[in-house]
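Colleague: Structure supplied as data_26.tsv; contents: TSV, N, CA and C atoms.
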```tsv
chain	number	residue	atom	x	y	z
A	1	MET	N	84.30	113.24	132.50
A	1	MET	CA	85.05	113.24	131.26
A	1	MET	C	85.25	111.79	130.81
A	2	PRO	N	84.97	111.49	129.54
A	2	PRO	CA	85.12	110.11	129.06
A	2	PRO	C	86.57	109.64	129.08
A	3	SER	N	86.72	108.35	129.27
A	3	SER	CA	88.03	107.71	129.25
A	3	SER	C	88.05	106.75	128.07
A	4	THR	N	89.12	106.78	127.27
A	4	THR	CA	89.21	105.95	126.07
A	4	THR	C	90.41	105.04	126.15
A	5	ARG	N	90.23	103.83	125.63
A	5	ARG	CA	91.32	102.86	125.59
A	5	ARG	C	91.20	102.06	124.30
A	6	THR	N	92.34	101.77	123.67
A	6	THR	CA	92.36	101.00	122.43
A	6	THR	C	93.07	99.68	122.66
A	7	PHE	N	92.46	98.61	122.14
A	7	PHE	CA	93.00	97.26	122.24
A	7	PHE	C	93.37	96.79	120.85
A	8	SER	N	94.53	96.17	120.71
A	8	SER	CA	94.98	95.68	119.40
A	8	SER	C	94.73	94.19	119.27
A	9	ASP	N	94.88	93.68	118.05
A	9	ASP	CA	94.68	92.26	117.73
A	9	ASP	C	93.28	91.79	118.09
A	10	VAL	N	92.28	92.63	117.83
A	10	VAL	CA	90.88	92.27	118.08
A	10	VAL	C	90.20	92.09	116.73
A	11	THR	N	89.99	90.84	116.37
A	11	THR	CA	89.31	90.53	115.10
A	11	THR	C	87.80	90.65	115.28
A	12	ALA	N	87.08	90.62	114.16
A	12	ALA	CA	85.62	90.65	114.23
A	12	ALA	C	85.10	89.43	114.98
A	13	GLU	N	85.74	88.28	114.78
A	13	GLU	CA	85.34	87.06	115.49
A	13	GLU	C	85.54	87.22	117.00
A	14	LEU	N	86.66	87.78	117.40
A	14	LEU	CA	86.93	87.99	118.83
A	14	LEU	C	85.92	88.98	119.42
A	15	LEU	N	85.61	90.04	118.70
A	15	LEU	CA	84.62	91.01	119.18
A	15	LEU	C	83.27	90.33	119.35
A	16	SER	N	82.90	89.48	118.41
A	16	SER	CA	81.63	88.75	118.51
A	16	SER	C	81.60	87.87	119.76
A	17	ARG	N	82.69	87.17	120.04
A	17	ARG	CA	82.77	86.34	121.25
A	17	ARG	C	82.68	87.20	122.50
A	18	MET	N	83.34	88.34	122.49
A	18	MET	CA	83.28	89.25	123.64
A	18	MET	C	81.84	89.70	123.89
A	19	LYS	N	81.12	90.02	122.83
A	19	LYS	CA	79.73	90.44	122.99
A	19	LYS	C	78.88	89.28	123.52
A	20	GLU	N	79.12	88.07	123.04
A	20	GLU	CA	78.38	86.90	123.54
A	20	GLU	C	78.61	86.73	125.04
A	21	VAL	N	79.87	86.81	125.47
A	21	VAL	CA	80.19	86.68	126.90
A	21	VAL	C	79.54	87.82	127.68
A	22	GLY	N	79.60	89.02	127.15
A	22	GLY	CA	79.00	90.16	127.81
A	22	GLY	C	77.50	89.99	128.03
A	23	ARG	N	76.82	89.50	127.00
A	23	ARG	CA	75.37	89.26	127.12
A	23	ARG	C	75.08	88.16	128.14
A	24	ALA	N	75.78	87.03	128.00
A	24	ALA	CA	75.50	85.85	128.82
A	24	ALA	C	75.91	86.02	130.28
A	25	GLU	N	77.08	86.58	130.52
A	25	GLU	CA	77.62	86.61	131.88
A	25	GLU	C	77.37	87.92	132.63
A	26	TYR	N	77.21	89.02	131.88
A	26	TYR	CA	77.10	90.31	132.54
A	26	TYR	C	75.82	91.07	132.20
A	27	SER	N	74.91	90.44	131.43
A	27	SER	CA	73.63	91.06	131.03
A	27	SER	C	73.83	92.40	130.34
A	28	ILE	N	74.87	92.49	129.52
A	28	ILE	CA	75.15	93.72	128.79
A	28	ILE	C	74.19	93.81	127.60
A	29	VAL	N	73.67	95.00	127.38
A	29	VAL	CA	72.78	95.26	126.25
A	29	VAL	C	73.56	96.10	125.25
A	30	TYR	N	73.63	95.63	123.99
A	30	TYR	CA	74.36	96.32	122.92
A	30	TYR	C	73.36	96.99	121.99
A	31	ASP	N	73.62	98.23	121.62
A	31	ASP	CA	72.75	98.98	120.73
A	31	ASP	C	73.58	99.67	119.66
A	32	PRO	N	73.49	99.23	118.40
A	32	PRO	CA	72.78	98.04	117.92
A	32	PRO	C	73.48	96.76	118.38
A	33	PRO	N	72.76	95.63	118.32
A	33	PRO	CA	73.32	94.37	118.83
A	33	PRO	C	74.54	93.85	118.07
A	34	GLU	N	74.63	94.14	116.79
A	34	GLU	CA	75.75	93.66	115.97
A	34	GLU	C	76.37	94.83	115.24
A	35	GLY	N	77.57	94.59	114.71
A	35	GLY	CA	78.23	95.62	113.92
A	35	GLY	C	79.46	96.18	114.60
A	36	PRO	N	80.24	96.97	113.87
A	36	PRO	CA	81.51	97.48	114.39
A	36	PRO	C	81.38	98.66	115.34
A	37	VAL	N	80.23	99.30	115.38
A	37	VAL	CA	80.03	100.45	116.25
A	37	VAL	C	78.77	100.21	117.07
A	38	SER	N	78.88	100.30	118.39
A	38	SER	CA	77.71	100.12	119.23
A	38	SER	C	77.96	100.71	120.61
A	39	THR	N	76.89	100.77	121.38
A	39	THR	CA	76.96	101.22	122.76
A	39	THR	C	76.56	100.04	123.64
A	40	ALA	N	77.35	99.77	124.66
A	40	ALA	CA	77.08	98.69	125.60
A	40	ALA	C	76.67	99.29	126.93
A	41	THR	N	75.56	98.80	127.47
A	41	THR	CA	75.07	99.30	128.75
A	41	THR	C	74.85	98.12	129.69
A	42	SER	N	75.31	98.27	130.92
A	42	SER	CA	75.09	97.22	131.92
A	42	SER	C	74.93	97.84	133.29
A	43	GLN	N	74.28	97.07	134.16
A	43	GLN	CA	74.13	97.47	135.55
A	43	GLN	C	75.11	96.64	136.37
A	44	THR	N	75.92	97.27	137.17
A	44	THR	CA	76.88	96.56	138.01
A	44	THR	C	76.54	96.87	139.47
A	45	PRO	N	77.09	96.09	140.39
A	45	PRO	CA	76.87	96.40	141.81
A	45	PRO	C	77.37	97.80	142.18
A	46	LEU	N	78.28	98.34	141.37
A	46	LEU	CA	78.84	99.65	141.66
A	46	LEU	C	78.15	100.77	140.89
A	47	GLY	N	77.14	100.42	140.04
A	47	GLY	CA	76.43	101.42	139.27
A	47	GLY	C	76.35	101.07	137.80
A	48	GLU	N	75.67	101.93	137.04
A	48	GLU	CA	75.50	101.72	135.60
A	48	GLU	C	76.80	102.00	134.86
A	49	CYS	N	77.03	101.20	133.82
A	49	CYS	CA	78.21	101.36	132.98
A	49	CYS	C	77.75	101.51	131.53
A	50	VAL	N	78.25	102.52	130.84
A	50	VAL	CA	77.94	102.75	129.43
A	50	VAL	C	79.26	102.91	128.69
A	51	ILE	N	79.45	102.07	127.65
A	51	ILE	CA	80.69	102.07	126.87
A	51	ILE	C	80.35	102.17	125.39
A	52	GLU	N	81.05	103.03	124.68
A	52	GLU	CA	80.93	103.10	123.22
A	52	GLU	C	82.04	102.27	122.61
A	53	PHE	N	81.67	101.36	121.70
A	53	PHE	CA	82.60	100.49	120.99
A	53	PHE	C	82.80	101.00	119.59
A	54	VAL	N	84.04	101.04	119.11
A	54	VAL	CA	84.34	101.30	117.69
A	54	VAL	C	85.40	100.29	117.29
A	55	HIS	N	85.03	99.37	116.39
A	55	HIS	CA	85.96	98.34	115.93
A	55	HIS	C	86.40	98.65	114.52
A	56	ASP	N	87.69	98.63	114.29
A	56	ASP	CA	88.26	98.80	112.95
A	56	ASP	C	88.78	97.43	112.52
A	57	PRO	N	88.00	96.68	111.73
A	57	PRO	CA	88.41	95.32	111.37
A	57	PRO	C	89.65	95.27	110.48
A	58	THR	N	89.91	96.32	109.70
A	58	THR	CA	91.09	96.30	108.84
A	58	THR	C	92.38	96.43	109.64
A	59	LYS	N	92.33	97.12	110.78
A	59	LYS	CA	93.50	97.28	111.64
A	59	LYS	C	93.44	96.37	112.87
A	60	ALA	N	92.32	95.64	113.01
A	60	ALA	CA	92.09	94.75	114.16
A	60	ALA	C	92.26	95.51	115.48
A	61	LYS	N	91.64	96.71	115.53
A	61	LYS	CA	91.71	97.53	116.73
A	61	LYS	C	90.30	97.81	117.25
A	62	LEU	N	90.18	97.76	118.56
A	62	LEU	CA	88.92	98.06	119.22
A	62	LEU	C	89.15	99.24	120.15
A	63	THR	N	88.39	100.31	119.92
A	63	THR	CA	88.48	101.48	120.78
A	63	THR	C	87.22	101.56	121.62
A	64	LEU	N	87.42	101.64	122.94
A	64	LEU	CA	86.31	101.75	123.88
A	64	LEU	C	86.38	103.10	124.55
A	65	THR	N	85.23	103.74	124.64
A	65	THR	CA	85.14	104.99	125.36
A	65	THR	C	84.13	104.81	126.48
A	66	LEU	N	84.57	105.00	127.70
A	66	LEU	CA	83.69	104.90	128.85
A	66	LEU	C	82.89	106.19	128.96
A	67	VAL	N	81.62	106.07	128.75
A	67	VAL	CA	80.75	107.23	128.84
A	67	VAL	C	80.30	107.42	130.29
A	68	LYS	N	80.00	106.30	130.93
A	68	LYS	CA	79.60	106.30	132.34
A	68	LYS	C	80.15	105.02	132.94
A	69	LYS	N	80.95	105.12	134.00
A	69	LYS	CA	81.61	103.92	134.51
A	69	LYS	C	81.65	103.85	136.02
A	70	PRO	N	81.55	102.62	136.52
A	70	PRO	CA	81.84	102.40	137.93
A	70	PRO	C	83.35	102.23	138.10
A	71	TRP	N	83.79	102.18	139.31
A	71	TRP	CA	85.20	102.03	139.65
A	71	TRP	C	85.73	100.67	139.22
A	72	LEU	N	86.97	100.53	138.79
A	72	LEU	CA	87.69	99.29	138.45
A	72	LEU	C	87.17	98.56	137.21
A	73	LEU	N	86.61	99.27	136.26
A	73	LEU	CA	86.05	98.61	135.08
A	73	LEU	C	87.11	98.05	134.14
A	74	TRP	N	88.20	98.78	133.86
A	74	TRP	CA	89.18	98.36	132.87
A	74	TRP	C	89.76	96.99	133.18
A	75	SER	N	90.06	96.70	134.43
A	75	SER	CA	90.68	95.41	134.76
A	75	SER	C	89.74	94.25	134.43
A	76	GLY	N	88.46	94.40	134.70
A	76	GLY	CA	87.50	93.34	134.39
A	76	GLY	C	87.37	93.12	132.90
A	77	PHE	N	87.35	94.20	132.12
A	77	PHE	CA	87.26	94.06	130.66
A	77	PHE	C	88.50	93.37	130.12
A	78	SER	N	89.67	93.79	130.57
A	78	SER	CA	90.93	93.19	130.09
A	78	SER	C	90.99	91.69	130.39
A	79	GLU	N	90.54	91.28	131.58
A	79	GLU	CA	90.53	89.87	131.93
A	79	GLU	C	89.61	89.07	131.02
A	80	THR	N	88.42	89.61	130.71
A	80	THR	CA	87.48	88.92	129.82
A	80	THR	C	88.03	88.83	128.41
A	81	LEU	N	88.67	89.88	127.93
A	81	LEU	CA	89.26	89.88	126.59
A	81	LEU	C	90.32	88.79	126.49
A	82	GLU	N	91.20	88.69	127.47
A	82	GLU	CA	92.24	87.66	127.45
A	82	GLU	C	91.64	86.26	127.51
A	83	ARG	N	90.60	86.08	128.29
A	83	ARG	CA	89.93	84.77	128.38
A	83	ARG	C	89.34	84.39	127.03
A	84	CYS	N	88.71	85.32	126.34
A	84	CYS	CA	88.13	85.04	125.03
A	84	CYS	C	89.20	84.75	123.98
A	85	ARG	N	90.36	85.38	124.08
A	85	ARG	CA	91.45	85.10	123.17
A	85	ARG	C	91.91	83.65	123.30
A	86	LYS	N	91.90	83.13	124.52
A	86	LYS	CA	92.34	81.76	124.76
A	86	LYS	C	91.31	80.72	124.35
A	87	GLU	N	90.05	81.10	124.24
A	87	GLU	CA	88.97	80.19	123.87
A	87	GLU	C	88.74	80.24	122.36
A	88	THR	N	89.68	79.78	121.58
A	88	THR	CA	89.54	79.85	120.12
A	88	THR	C	88.87	78.63	119.57
```
Could you write out this structure as structure tokens?
Modeller:
Amino acid sequence: MPSTRTFSDVTAELLSRMKEVGRAEYSIVYDPPEGPVSTATSQTPLGECVIEFVHDPTKAKLTLTLVKKPWLLWSGFSETLERCRKET
């Protein structure tokens, strides 16, 4: 069963930085690569991870739905989001 989580105060610029970090540091593949709606797929030591992204730029909200996930994924995403917020 999918798990969904919504993050607030996520601008289009912040989402773009998150995707850049995801590509560079975690080899995440986004389909499509740009835009407010996409699917992110990555291979982790614990297994494949597939996440659906839906960004609402007018409300600055990002909703993620874990389609396929390894254990302990949310904590890693939250840490990367906070790091990107600090790198303005």
Colleague: I want to know what sits within 5 Å of segment 48-62 of chain A, based on only N, CA and C atoms, with residues of the same chain fewer than 5 positions away left out; could you give that as a list in words?
Modeller: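 Here the answer would be Thr6, Phe7, Ser8, Asp9, Val10, Thr11, Pro36, Val37, Ser38, Thr39, Ala40, Thr41, Ser42, Gln43, Val67, Lys68 and Lys69 of chain A.
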Colleague: One decimal, in Å: what's the spacing between atom CA of Tyr26 of chain A and atom CA of Leu14 of chain A?
Modeller: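 Computed distance, atom CA of Tyr26 of chain A to atom CA of Leu14 of chain A, equals 17.0 Å.
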Colleague: Would you pick out the contacts of segment 74-87 of chain A at 9 Å or less, using only C-alpha atoms, so that residues sharing its chain but fewer than 6 positions from it are not included, and give the list as an NGL selection string?
Modeller: :A and (5 or 10 or 14-15 or 17-18 or 21-22)
Colleague: Please return as a VMD selection string: the residues of chain A that backbone DSSP assigns to strand (DSSP E or B).
Modeller: chain A and resid 3 to 8 29 to 31 37 to 44 47 to 56 61 to 68
Colleague: Which of segment 13-62 of chain A counts as helix (DSSP H, G or I) under DSSP, as a count of residues only please?
Modeller: 14
Colleague: Report, in Å with one decimal, the straight-line distance from atom CA of Thr63 of chain A to atom CA of Thr4 of chain A.
Modeller: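 Atom CA of Thr4 of chain A lies 7.0 Å from atom CA of Thr63 of chain A.
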Colleague: Rounded to one decimal, what separation in Å do you get between atom C of Pro32 of chain A and atom C of Gly47 of chain A?
Modeller: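 Separation of atom C of Pro32 of chain A and atom C of Gly47 of chain A: 20.1 Å.
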